[in-house]
Amino acid sequence: MLSNRRFFLDHVAQTSTAPLMLEIERAEGIYLYDTSGKRYIDLIAGISVSNLGHSHPAVVAAVKDQAEKYMHLMVYGEFVQSPQVKYAKMLSGFLPEKLGNVYFTNSGAEATEGALKLAKRFTGRTNIVHFQNSYHGSTQGALSVMGDESFKRKFRPLLPDILQLEYGNEKHLDKISTQTAAVILETIQAESGITIPSQAFLQKLRKVCDDTGALLILDEAQTGMGRTGKLFAFEHYGIAPDILLLAKAFGGGMPLGAFISSKHIMSSLSDNPALGHITTFGGHPVCCAAGMAAFEVLTKEKLIDTVENKGRLFDELLVHPKIISKTRKGLMMALEFESFATNKKIIDRCIELGVLTDWFLFASQSMRIGPPLIITEQEIRIACQIILQAIGEGG
C-alpha cells in the first residue's frame, strides 16, 4: 500500500530535490510530533511564524469561534468585517500615528507587491532601491528586489528600474534620488544570517528618504511581533517607516500579511484607477481573528519582555570551537560554521536527536535558531545540550 510519503513526492509540488520528509501528525507548544510519536523541539517556529508556539488555546478558540460565525464573504475591502476592523484598530494603537491604515494580504510576498505598487502610485516615480542579501518574497515583484542573483537569474526579465545597494553602507545611500519611489529593506536582515545594521545607517537612510521624497518601506515579516525583543525592530533605531510590511507571526499561525501606511498615502489606491490593489482572500476573517488573538496574548502576557534574556541564554550556552561566529538580536540567531557541508551534517544530526533547525537562504553555512517566544529556560538548556552534542558528533 502506498504511503503518504509516496503521495507527497508524487502529487505535492516540490521546491527542492531533498525535502526533509518529516511527517508531522500534531504540534503543541514548542513541540512537533511525527507519526511514530517522536517529539521534536521546534527551534525555527515555522520560520518565525509560530511565536506563541503551536495550537495555542487562545488562537484555536478564536479560529473556531469565527469559523462558526462566517468565513469568506466578499472580496476584501467591500464589507465591514469585524475581525479586520478590530485587528487593524488594535494594531494601530501600537504603531506610530502615521502608520494607521492597514491593507491585509495573504502573505508577506503579497504585502511586498502591494507596497511597491503603492509607492509607485503615490510618488509617481518608478525607481525602486533595495539591498544585497535581502529577502521579500518569491513572486515576481518581490523577486525583483531580492538581493541574491542566484535565485533571480532563471526568472528574468523582472521589474525594470531597480537599483541594488550594499546593506549597511552609508556611502551608498547617496544613490537614492528624487527619481526613487521607495527604498525597501528588512530592518534586520534575516536570510543573510542575521545582519544587524548600525543606528547611523538606518537614521541616515530615514533622512535621505525624507530629503528626496522616497518612501521608506521596512519589511518586518520576520522581525516583527516581538521576535527581536521589541514589538517591531524599527523601535530599536528611533525611526519609523512610511510603509511597514508584516506577515508570518502576524497571523498567529494562519496565512496573513499586511502593508501599513498613512490614510493619505493608502488612499491613492482607491481611485484613478479605482481598485488600485485588490485581493480575494486578503484579510480573511478567520485569519484576522487568529492574528488578533495571538497579538492579544503577546502584548497582555508581556512575552516580549522575556525575549532578550532567553536569547542571551542561547548565546551563553552555545559555545563550541567549531562555531566560527554568532549573530543575534532577541530570539533570532545565526551560528556560523566553516561550510554548508559542516552545517548540514550538524542540522541533520540535530533532527535525528529531536531538535528541528535549519540554515539561511543566503548564508547556508549558518544554523538558524528562532524558537517560539514561549520557550522556557529549561527547554532552552535541553535544546542547547542537543545542539552541542550534534556539533560534536556531526561537525
# chains A, B, ... in the order shown; residues from 1 in each chain; ligands from 1

call {"tool": "residues_around", "arguments": {"residues": "region 256-269 of chain A", "least_positions_apart": "6", "cutoff": "9 Å", "atoms": "only C-alpha atoms", "output": "PyMOL selection string"}}
result
chain A and resi 97-112+114-115+117-119+121-122+221+241-250+275-277+282-284+287-288+291

call {"tool": "select_by_dssp", "arguments": {"residues": "region 124-216 of chain A", "states": "strand (DSSP E)", "output": "count of residues only"}}
result
18

call {"tool": "residues_around", "arguments": {"residues": "region 380-382 of chain A", "least_positions_apart": "3", "cutoff": "8 Å", "atoms": "only C-alpha atoms", "output": "VMD selection string"}}
result
chain A and resid 310 313 to 314 317 375 to 377 385 to 386

call {"tool": "residues_around", "arguments": {"residues": "Phe94 (chain A)", "least_positions_apart": "2", "cutoff": "12 Å", "atoms": "only C-alpha atoms", "output": "PyMOL selection string"}}
result
chain A and resi 87-92+96-100+225+230-232+235+295-296+299

call {"tool": "write_last_selection", "arguments": {"atoms": "N, CA and C atoms", "output": "PDB file, in the first residue's frame"}}
result
ATOM      1  N   TYR A  87      -8.815  44.132  14.413  1.00  0.00           N
ATOM      2  CA  TYR A  87      -7.374  43.894  14.405  1.00  0.00           C
ATOM      3  C   TYR A  87      -6.627  45.137  13.917  1.00  0.00           C
ATOM      4  N   ALA A  88      -7.135  45.776  12.881  1.00  0.00           N
ATOM      5  CA  ALA A  88      -6.486  46.986  12.363  1.00  0.00           C
ATOM      6  C   ALA A  88      -6.471  48.087  13.413  1.00  0.00           C
ATOM      7  N   LYS A  89      -7.581  48.254  14.111  1.00  0.00           N
ATOM      8  CA  LYS A  89      -7.655  49.296  15.145  1.00  0.00           C
ATOM      9  C   LYS A  89      -6.727  48.966  16.313  1.00  0.00           C
ATOM     10  N   MET A  90      -6.715  47.704  16.740  1.00  0.00           N
ATOM     11  CA  MET A  90      -5.838  47.292  17.826  1.00  0.00           C
ATOM     12  C   MET A  90      -4.372  47.525  17.464  1.00  0.00           C
ATOM     13  N   LEU A  91      -4.008  47.108  16.268  1.00  0.00           N
ATOM     14  CA  LEU A  91      -2.627  47.239  15.815  1.00  0.00           C
ATOM     15  C   LEU A  91      -2.197  48.690  15.760  1.00  0.00           C
ATOM     16  N   SER A  92      -3.060  49.561  15.265  1.00  0.00           N
ATOM     17  CA  SER A  92      -2.705  50.977  15.121  1.00  0.00           C
ATOM     18  C   SER A  92      -2.379  51.627  16.460  1.00  0.00           C
ATOM     19  N   PRO A  96       3.298  54.033  15.307  1.00  0.00           N
ATOM     20  CA  PRO A  96       3.304  55.485  15.161  1.00  0.00           C
ATOM     21  C   PRO A  96       2.048  55.965  14.445  1.00  0.00           C
ATOM     22  N   GLU A  97       1.662  57.200  14.717  1.00  0.00           N
ATOM     23  CA  GLU A  97       0.408  57.728  14.192  1.00  0.00           C
ATOM     24  C   GLU A  97       0.317  57.630  12.671  1.00  0.00           C
ATOM     25  N   LYS A  98       1.450  57.803  11.993  1.00  0.00           N
ATOM     26  CA  LYS A  98       1.403  57.792  10.523  1.00  0.00           C
ATOM     27  C   LYS A  98       1.222  56.391   9.943  1.00  0.00           C
ATOM     28  N   LEU A  99       1.254  55.380  10.791  1.00  0.00           N
ATOM     29  CA  LEU A  99       1.021  54.004  10.350  1.00  0.00           C
ATOM     30  C   LEU A  99      -0.323  53.527  10.901  1.00  0.00           C
ATOM     31  N   GLY A 100      -1.376  54.159  10.433  1.00  0.00           N
ATOM     32  CA  GLY A 100      -2.697  53.879  10.990  1.00  0.00           C
ATOM     33  C   GLY A 100      -3.670  53.247  10.031  1.00  0.00           C
ATOM     34  N   MET A 225       6.462  41.494  15.537  1.00  0.00           N
ATOM     35  CA  MET A 225       5.676  40.754  16.521  1.00  0.00           C
ATOM     36  C   MET A 225       6.530  40.171  17.640  1.00  0.00           C
ATOM     37  N   LYS A 230      11.590  43.797  20.830  1.00  0.00           N
ATOM     38  CA  LYS A 230      10.652  44.910  20.703  1.00  0.00           C
ATOM     39  C   LYS A 230       9.504  44.406  19.847  1.00  0.00           C
ATOM     40  N   LEU A 231       8.352  45.057  19.949  1.00  0.00           N
ATOM     41  CA  LEU A 231       7.230  44.628  19.126  1.00  0.00           C
ATOM     42  C   LEU A 231       7.608  44.681  17.649  1.00  0.00           C
ATOM     43  N   PHE A 232       8.285  45.788  17.265  1.00  0.00           N
ATOM     44  CA  PHE A 232       8.796  45.947  15.906  1.00  0.00           C
ATOM     45  C   PHE A 232      10.261  46.340  15.986  1.00  0.00           C
ATOM     46  N   GLU A 235      11.791  49.925  16.311  1.00  0.00           N
ATOM     47  CA  GLU A 235      11.774  50.624  17.593  1.00  0.00           C
ATOM     48  C   GLU A 235      13.160  50.668  18.238  1.00  0.00           C
ATOM     49  N   PHE A 295      -1.997  38.323  18.936  1.00  0.00           N
ATOM     50  CA  PHE A 295      -1.478  39.642  19.291  1.00  0.00           C
ATOM     51  C   PHE A 295      -1.864  40.017  20.718  1.00  0.00           C
ATOM     52  N   GLU A 296      -3.086  39.684  21.112  1.00  0.00           N
ATOM     53  CA  GLU A 296      -3.538  39.972  22.477  1.00  0.00           C
ATOM     54  C   GLU A 296      -2.711  39.202  23.499  1.00  0.00           C
ATOM     55  N   THR A 299       0.907  40.715  23.735  1.00  0.00           N
ATOM     56  CA  THR A 299       1.024  42.011  24.421  1.00  0.00           C
ATOM     57  C   THR A 299       0.559  41.949  25.874  1.00  0.00           C
TER      58      THR A 299
END

call {"tool": "select_by_dssp", "arguments": {"residues": "region 266-386 of chain A", "states": "alpha helix (DSSP H)", "output": "mmCIF file with N, CA and C atoms, in the first residue's frame"}}
result
data_model
loop_
_atom_site.group_PDB
_atom_site.id
_atom_site.type_symbol
_atom_site.label_atom_id
_atom_site.label_comp_id
_atom_site.auth_asym_id
_atom_site.auth_seq_id
_atom_site.Cartn_x
_atom_site.Cartn_y
_atom_site.Cartn_z
ATOM 1 N N MET A 266 -2.250 55.642 1.584
ATOM 2 C CA MET A 266 -3.010 54.469 1.168
ATOM 3 C C MET A 266 -4.194 54.830 0.280
ATOM 4 N N PRO A 285 -11.481 36.645 7.441
ATOM 5 C CA PRO A 285 -11.918 36.868 8.822
ATOM 6 C C PRO A 285 -11.376 35.858 9.828
ATOM 7 N N VAL A 286 -11.237 34.600 9.424
ATOM 8 C CA VAL A 286 -10.690 33.606 10.354
ATOM 9 C C VAL A 286 -9.218 33.887 10.626
ATOM 10 N N CYS A 287 -8.480 34.284 9.590
ATOM 11 C CA CYS A 287 -7.063 34.617 9.774
ATOM 12 C C CYS A 287 -6.900 35.846 10.654
ATOM 13 N N CYS A 288 -7.747 36.854 10.436
ATOM 14 C CA CYS A 288 -7.668 38.064 11.266
ATOM 15 C C CYS A 288 -8.029 37.760 12.719
ATOM 16 N N ALA A 289 -9.008 36.893 12.921
ATOM 17 C CA ALA A 289 -9.370 36.514 14.292
ATOM 18 C C ALA A 289 -8.215 35.801 14.976
ATOM 19 N N ALA A 290 -7.538 34.912 14.247
ATOM 20 C CA ALA A 290 -6.389 34.203 14.803
ATOM 21 C C ALA A 290 -5.261 35.174 15.121
ATOM 22 N N GLY A 291 -4.960 36.059 14.171
ATOM 23 C CA GLY A 291 -3.889 37.030 14.384
ATOM 24 C C GLY A 291 -4.155 37.930 15.563
ATOM 25 N N MET A 292 -5.390 38.381 15.684
ATOM 26 C CA MET A 292 -5.746 39.263 16.789
ATOM 27 C C MET A 292 -5.631 38.550 18.134
ATOM 28 N N ALA A 293 -6.056 37.296 18.184
ATOM 29 C CA ALA A 293 -5.938 36.530 19.432
ATOM 30 C C ALA A 293 -4.478 36.366 19.822
ATOM 31 N N ALA A 294 -3.624 36.062 18.841
ATOM 32 C CA ALA A 294 -2.198 35.917 19.122
ATOM 33 C C ALA A 294 -1.590 37.240 19.571
ATOM 34 N N PHE A 295 -1.997 38.323 18.936
ATOM 35 C CA PHE A 295 -1.478 39.642 19.291
ATOM 36 C C PHE A 295 -1.864 40.017 20.718
ATOM 37 N N GLU A 296 -3.086 39.684 21.112
ATOM 38 C CA GLU A 296 -3.538 39.972 22.477
ATOM 39 C C GLU A 296 -2.711 39.202 23.499
ATOM 40 N N VAL A 297 -2.448 37.929 23.230
ATOM 41 C CA VAL A 297 -1.622 37.130 24.141
ATOM 42 C C VAL A 297 -0.212 37.713 24.219
ATOM 43 N N LEU A 298 0.353 38.026 23.065
ATOM 44 C CA LEU A 298 1.715 38.556 23.007
ATOM 45 C C LEU A 298 1.869 39.814 23.837
ATOM 46 N N THR A 299 0.907 40.715 23.735
ATOM 47 C CA THR A 299 1.024 42.011 24.421
ATOM 48 C C THR A 299 0.559 41.949 25.874
ATOM 49 N N LYS A 300 -0.527 41.264 26.147
ATOM 50 C CA LYS A 300 -1.064 41.239 27.510
ATOM 51 C C LYS A 300 -0.224 40.395 28.464
ATOM 52 N N ILE A 304 7.133 39.661 25.204
ATOM 53 C CA ILE A 304 8.262 40.357 24.587
ATOM 54 C C ILE A 304 9.315 40.715 25.629
ATOM 55 N N ASP A 305 8.875 40.964 26.855
ATOM 56 C CA ASP A 305 9.819 41.319 27.919
ATOM 57 C C ASP A 305 10.771 40.177 28.260
ATOM 58 N N THR A 306 10.421 38.949 27.869
ATOM 59 C CA THR A 306 11.262 37.779 28.194
ATOM 60 C C THR A 306 12.243 37.441 27.080
ATOM 61 N N VAL A 307 12.085 38.066 25.925
ATOM 62 C CA VAL A 307 12.815 37.645 24.723
ATOM 63 C C VAL A 307 14.324 37.819 24.864
ATOM 64 N N GLU A 308 14.768 38.958 25.321
ATOM 65 C CA GLU A 308 16.203 39.226 25.368
ATOM 66 C C GLU A 308 16.930 38.277 26.323
ATOM 67 N N ASN A 309 16.367 38.018 27.488
ATOM 68 C CA ASN A 309 17.019 37.097 28.423
ATOM 69 C C ASN A 309 17.098 35.684 27.858
ATOM 70 N N LYS A 310 16.050 35.267 27.158
ATOM 71 C CA LYS A 310 16.071 33.940 26.545
ATOM 72 C C LYS A 310 17.113 33.872 25.430
ATOM 73 N N GLY A 311 17.186 34.935 24.629
ATOM 74 C CA GLY A 311 18.189 34.972 23.575
ATOM 75 C C GLY A 311 19.597 34.953 24.134
ATOM 76 N N ARG A 312 19.793 35.691 25.221
ATOM 77 C CA ARG A 312 21.117 35.742 25.854
ATOM 78 C C ARG A 312 21.508 34.364 26.396
ATOM 79 N N LEU A 313 20.527 33.607 26.888
ATOM 80 C CA LEU A 313 20.819 32.274 27.409
ATOM 81 C C LEU A 313 21.308 31.355 26.279
ATOM 82 N N PHE A 314 20.658 31.405 25.121
ATOM 83 C CA PHE A 314 21.161 30.665 23.960
ATOM 84 C C PHE A 314 22.611 31.044 23.681
ATOM 85 N N ASP A 315 22.877 32.336 23.701
ATOM 86 C CA ASP A 315 24.204 32.862 23.412
ATOM 87 C C ASP A 315 25.242 32.319 24.394
ATOM 88 N N GLU A 316 24.882 32.301 25.664
ATOM 89 C CA GLU A 316 25.810 31.856 26.705
ATOM 90 C C GLU A 316 26.074 30.354 26.634
ATOM 91 N N LEU A 317 25.050 29.579 26.288
ATOM 92 C CA LEU A 317 25.179 28.122 26.307
ATOM 93 C C LEU A 317 25.817 27.560 25.042
ATOM 94 N N PHE A 340 28.791 24.938 4.387
ATOM 95 C CA PHE A 340 27.445 24.377 4.347
ATOM 96 C C PHE A 340 27.489 22.889 4.674
ATOM 97 N N ALA A 341 28.492 22.187 4.159
ATOM 98 C CA ALA A 341 28.586 20.746 4.399
ATOM 99 C C ALA A 341 28.630 20.442 5.897
ATOM 100 N N THR A 342 29.431 21.208 6.621
ATOM 101 C CA THR A 342 29.515 21.025 8.072
ATOM 102 C C THR A 342 28.188 21.350 8.734
ATOM 103 N N ASN A 343 27.614 22.483 8.349
ATOM 104 C CA ASN A 343 26.347 22.907 8.936
ATOM 105 C C ASN A 343 25.252 21.877 8.674
ATOM 106 N N LYS A 344 25.204 21.352 7.456
ATOM 107 C CA LYS A 344 24.164 20.380 7.097
ATOM 108 C C LYS A 344 24.297 19.100 7.920
ATOM 109 N N LYS A 345 25.520 18.641 8.136
ATOM 110 C CA LYS A 345 25.710 17.448 8.966
ATOM 111 C C LYS A 345 25.203 17.682 10.386
ATOM 112 N N ILE A 346 25.484 18.865 10.910
ATOM 113 C CA ILE A 346 25.061 19.191 12.278
ATOM 114 C C ILE A 346 23.544 19.301 12.345
ATOM 115 N N ILE A 347 22.944 19.968 11.374
ATOM 116 C CA ILE A 347 21.488 20.112 11.335
ATOM 117 C C ILE A 347 20.819 18.743 11.233
ATOM 118 N N ASP A 348 21.344 17.873 10.364
ATOM 119 C CA ASP A 348 20.768 16.535 10.210
ATOM 120 C C ASP A 348 20.859 15.747 11.514
ATOM 121 N N ARG A 349 21.986 15.901 12.204
ATOM 122 C CA ARG A 349 22.140 15.200 13.484
ATOM 123 C C ARG A 349 21.200 15.779 14.535
ATOM 124 N N CYS A 350 21.011 17.085 14.536
ATOM 125 C CA CYS A 350 20.054 17.719 15.457
ATOM 126 C C CYS A 350 18.664 17.120 15.265
ATOM 127 N N ILE A 351 18.246 16.986 14.012
ATOM 128 C CA ILE A 351 16.922 16.440 13.731
ATOM 129 C C ILE A 351 16.830 14.994 14.218
ATOM 130 N N GLU A 352 17.879 14.218 13.988
ATOM 131 C CA GLU A 352 17.889 12.841 14.485
ATOM 132 C C GLU A 352 17.740 12.799 16.001
ATOM 133 N N GLU A 377 13.316 28.587 29.893
ATOM 134 C CA GLU A 377 14.762 28.479 30.101
ATOM 135 C C GLU A 377 15.193 27.017 30.164
ATOM 136 N N GLN A 378 14.387 26.174 30.799
ATOM 137 C CA GLN A 378 14.722 24.750 30.872
ATOM 138 C C GLN A 378 14.731 24.123 29.489
ATOM 139 N N GLU A 379 13.762 24.485 28.671
ATOM 140 C CA GLU A 379 13.719 23.959 27.303
ATOM 141 C C GLU A 379 14.899 24.458 26.465
ATOM 142 N N ILE A 380 15.310 25.696 26.710
ATOM 143 C CA ILE A 380 16.488 26.229 26.022
ATOM 144 C C ILE A 380 17.724 25.414 26.398
ATOM 145 N N ARG A 381 17.875 25.101 27.679
ATOM 146 C CA ARG A 381 19.046 24.336 28.126
ATOM 147 C C ARG A 381 19.070 22.948 27.482
ATOM 148 N N ILE A 382 17.912 22.308 27.416
ATOM 149 C CA ILE A 382 17.837 20.976 26.796
ATOM 150 C C ILE A 382 18.188 21.069 25.317
ATOM 151 N N ALA A 383 17.616 22.063 24.617
ATOM 152 C CA ALA A 383 17.880 22.226 23.181
ATOM 153 C C ALA A 383 19.360 22.496 22.919
ATOM 154 N N CYS A 384 19.965 23.325 23.751
ATOM 155 C CA CYS A 384 21.382 23.655 23.560
ATOM 156 C C CYS A 384 22.283 22.452 23.812
ATOM 157 N N GLN A 385 21.935 21.627 24.798
ATOM 158 C CA GLN A 385 22.698 20.406 25.026
ATOM 159 C C GLN A 385 22.685 19.513 23.793
ATOM 160 N N ILE A 386 21.519 19.401 23.167
ATOM 161 C CA ILE A 386 21.404 18.568 21.970
ATOM 162 C C ILE A 386 22.191 19.173 20.800
#

call {"tool": "residues_around", "arguments": {"residues": "Thr327 (chain A)", "least_positions_apart": "5", "cutoff": "10 Å", "atoms": "only C-alpha atoms", "output": "list in words"}}
result
Gly193, Ile194, Thr195, Ile196, Asp315, Met332, Met333, Ala334, Leu335, Glu336 and Ser366 of chain A

call {"tool": "write_last_selection", "arguments": {"atoms": "N, CA and C atoms", "output": "PDB file, in the first residue's frame"}}
result
ATOM      1  N   GLY A 193      21.799  35.654   7.339  1.00  0.00           N
ATOM      2  CA  GLY A 193      22.424  35.115   8.544  1.00  0.00           C
ATOM      3  C   GLY A 193      22.374  36.078   9.704  1.00  0.00           C
ATOM      4  N   ILE A 194      21.296  36.850   9.821  1.00  0.00           N
ATOM      5  CA  ILE A 194      21.062  37.850  10.864  1.00  0.00           C
ATOM      6  C   ILE A 194      22.121  38.968  10.778  1.00  0.00           C
ATOM      7  N   THR A 195      21.892  39.880   9.852  1.00  0.00           N
ATOM      8  CA  THR A 195      22.771  41.037   9.675  1.00  0.00           C
ATOM      9  C   THR A 195      22.115  42.244  10.324  1.00  0.00           C
ATOM     10  N   ILE A 196      22.792  42.785  11.328  1.00  0.00           N
ATOM     11  CA  ILE A 196      22.227  43.869  12.133  1.00  0.00           C
ATOM     12  C   ILE A 196      22.844  45.192  11.706  1.00  0.00           C
ATOM     13  N   ASP A 315      22.877  32.336  23.701  1.00  0.00           N
ATOM     14  CA  ASP A 315      24.204  32.862  23.412  1.00  0.00           C
ATOM     15  C   ASP A 315      25.242  32.319  24.394  1.00  0.00           C
ATOM     16  N   MET A 332      16.312  35.741  17.487  1.00  0.00           N
ATOM     17  CA  MET A 332      16.710  35.315  16.147  1.00  0.00           C
ATOM     18  C   MET A 332      18.229  35.273  16.143  1.00  0.00           C
ATOM     19  N   MET A 333      18.778  34.130  15.757  1.00  0.00           N
ATOM     20  CA  MET A 333      20.200  33.892  15.962  1.00  0.00           C
ATOM     21  C   MET A 333      20.773  33.050  14.830  1.00  0.00           C
ATOM     22  N   ALA A 334      22.033  33.320  14.493  1.00  0.00           N
ATOM     23  CA  ALA A 334      22.753  32.529  13.493  1.00  0.00           C
ATOM     24  C   ALA A 334      24.046  32.014  14.094  1.00  0.00           C
ATOM     25  N   LEU A 335      24.289  30.709  13.927  1.00  0.00           N
ATOM     26  CA  LEU A 335      25.556  30.099  14.314  1.00  0.00           C
ATOM     27  C   LEU A 335      26.315  29.764  13.040  1.00  0.00           C
ATOM     28  N   GLU A 336      27.478  30.352  12.848  1.00  0.00           N
ATOM     29  CA  GLU A 336      28.239  30.127  11.624  1.00  0.00           C
ATOM     30  C   GLU A 336      29.264  29.015  11.807  1.00  0.00           C
ATOM     31  N   SER A 366      25.401  28.842   7.986  1.00  0.00           N
ATOM     32  CA  SER A 366      24.936  29.249   9.317  1.00  0.00           C
ATOM     33  C   SER A 366      23.647  28.548   9.707  1.00  0.00           C
TER      34      SER A 366
END

call {"tool": "closest_residue", "arguments": {"among": "A:Lys86, A:Arg125, A:Lys322, A:Lys38", "to": "Leu388 (chain A)", "atoms": "only C-alpha atoms"}}
result
A:Lys322

call {"tool": "atom_distance", "arguments": {"atom1": "CA of Leu218 (chain A)", "atom2": "CA of Leu202 (chain A)"}}
result
10.5 Å

call {"tool": "atom_distance", "arguments": {"atom1": "CA of Ser82 (chain A)", "atom2": "CA of Gly46 (chain A)"}}
result
27.7 Å

call {"tool": "closest_residue", "arguments": {"among": "A:Met367, A:Leu361, A:Val85, A:Ile24", "to": "Asp148 (chain A)", "atoms": "only C-alpha atoms"}}
result
A:Leu361

call {"tool": "atom_distance", "arguments": {"atom1": "CA of Ala62 (chain A)", "atom2": "CA of Val355 (chain A)"}}
result
29.4 Å

call {"tool": "decode", "arguments": {"residues": "region 324-390 of chain A", "atoms": "C-alpha atoms", "output": "compact mmCIF listing (two decimals), in the first residue's frame"}}
result
# COMPACT_ATOMS: atom_id res chain seq x y z
CA ILE A 324 33.07 30.44 13.99
CA SER A 325 30.73 33.29 14.87
CA LYS A 326 27.33 34.04 16.41
CA THR A 327 24.96 36.83 15.46
CA ARG A 328 21.81 37.53 17.46
CA LYS A 329 19.03 40.01 18.04
CA GLY A 330 16.46 38.88 20.59
CA LEU A 331 15.35 35.36 19.68
CA MET A 332 16.71 35.32 16.15
CA MET A 333 20.20 33.89 15.96
CA ALA A 334 22.75 32.53 13.49
CA LEU A 335 25.56 30.10 14.31
CA GLU A 336 28.24 30.13 11.62
CA PHE A 337 30.29 27.02 10.79
CA GLU A 338 33.13 26.55 8.31
CA SER A 339 30.92 25.42 5.42
CA PHE A 340 27.45 24.38 4.35
CA ALA A 341 28.59 20.75 4.40
CA THR A 342 29.51 21.03 8.07
CA ASN A 343 26.35 22.91 8.94
CA LYS A 344 24.16 20.38 7.10
CA LYS A 345 25.71 17.45 8.97
CA ILE A 346 25.06 19.19 12.28
CA ILE A 347 21.49 20.11 11.33
CA ASP A 348 20.77 16.53 10.21
CA ARG A 349 22.14 15.20 13.48
CA CYS A 350 20.05 17.72 15.46
CA ILE A 351 16.92 16.44 13.73
CA GLU A 352 17.89 12.84 14.48
CA LEU A 353 18.30 13.84 18.13
CA GLY A 354 14.92 15.64 18.22
CA VAL A 355 15.74 19.30 17.55
CA LEU A 356 14.42 20.94 14.39
CA THR A 357 16.60 23.69 12.97
CA ASP A 358 17.61 24.92 9.52
CA TRP A 359 20.01 27.15 7.57
CA PHE A 360 19.59 30.56 5.91
CA LEU A 361 18.89 31.15 2.21
CA PHE A 362 21.91 33.41 1.69
CA ALA A 363 24.10 32.04 4.49
CA SER A 364 23.96 28.28 4.11
CA GLN A 365 26.98 27.86 6.41
CA SER A 366 24.94 29.25 9.32
CA MET A 367 22.40 27.48 11.51
CA ARG A 368 19.08 29.23 12.15
CA ILE A 369 17.75 29.49 15.70
CA GLY A 370 14.41 31.22 16.11
CA PRO A 371 12.15 29.30 18.50
CA PRO A 372 8.64 30.19 19.64
CA LEU A 373 8.83 33.06 22.12
CA ILE A 374 7.12 30.88 24.74
CA ILE A 375 10.15 28.59 25.06
CA THR A 376 11.25 28.23 28.69
CA GLU A 377 14.76 28.48 30.10
CA GLN A 378 14.72 24.75 30.87
CA GLU A 379 13.72 23.96 27.30
CA ILE A 380 16.49 26.23 26.02
CA ARG A 381 19.05 24.34 28.13
CA ILE A 382 17.84 20.98 26.80
CA ALA A 383 17.88 22.23 23.18
CA CYS A 384 21.38 23.66 23.56
CA GLN A 385 22.70 20.41 25.03
CA ILE A 386 21.40 18.57 21.97
CA ILE A 387 22.88 21.13 19.56
CA LEU A 388 26.28 20.86 21.23
CA GLN A 389 26.06 17.08 21.07
CA ALA A 390 25.23 17.31 17.37
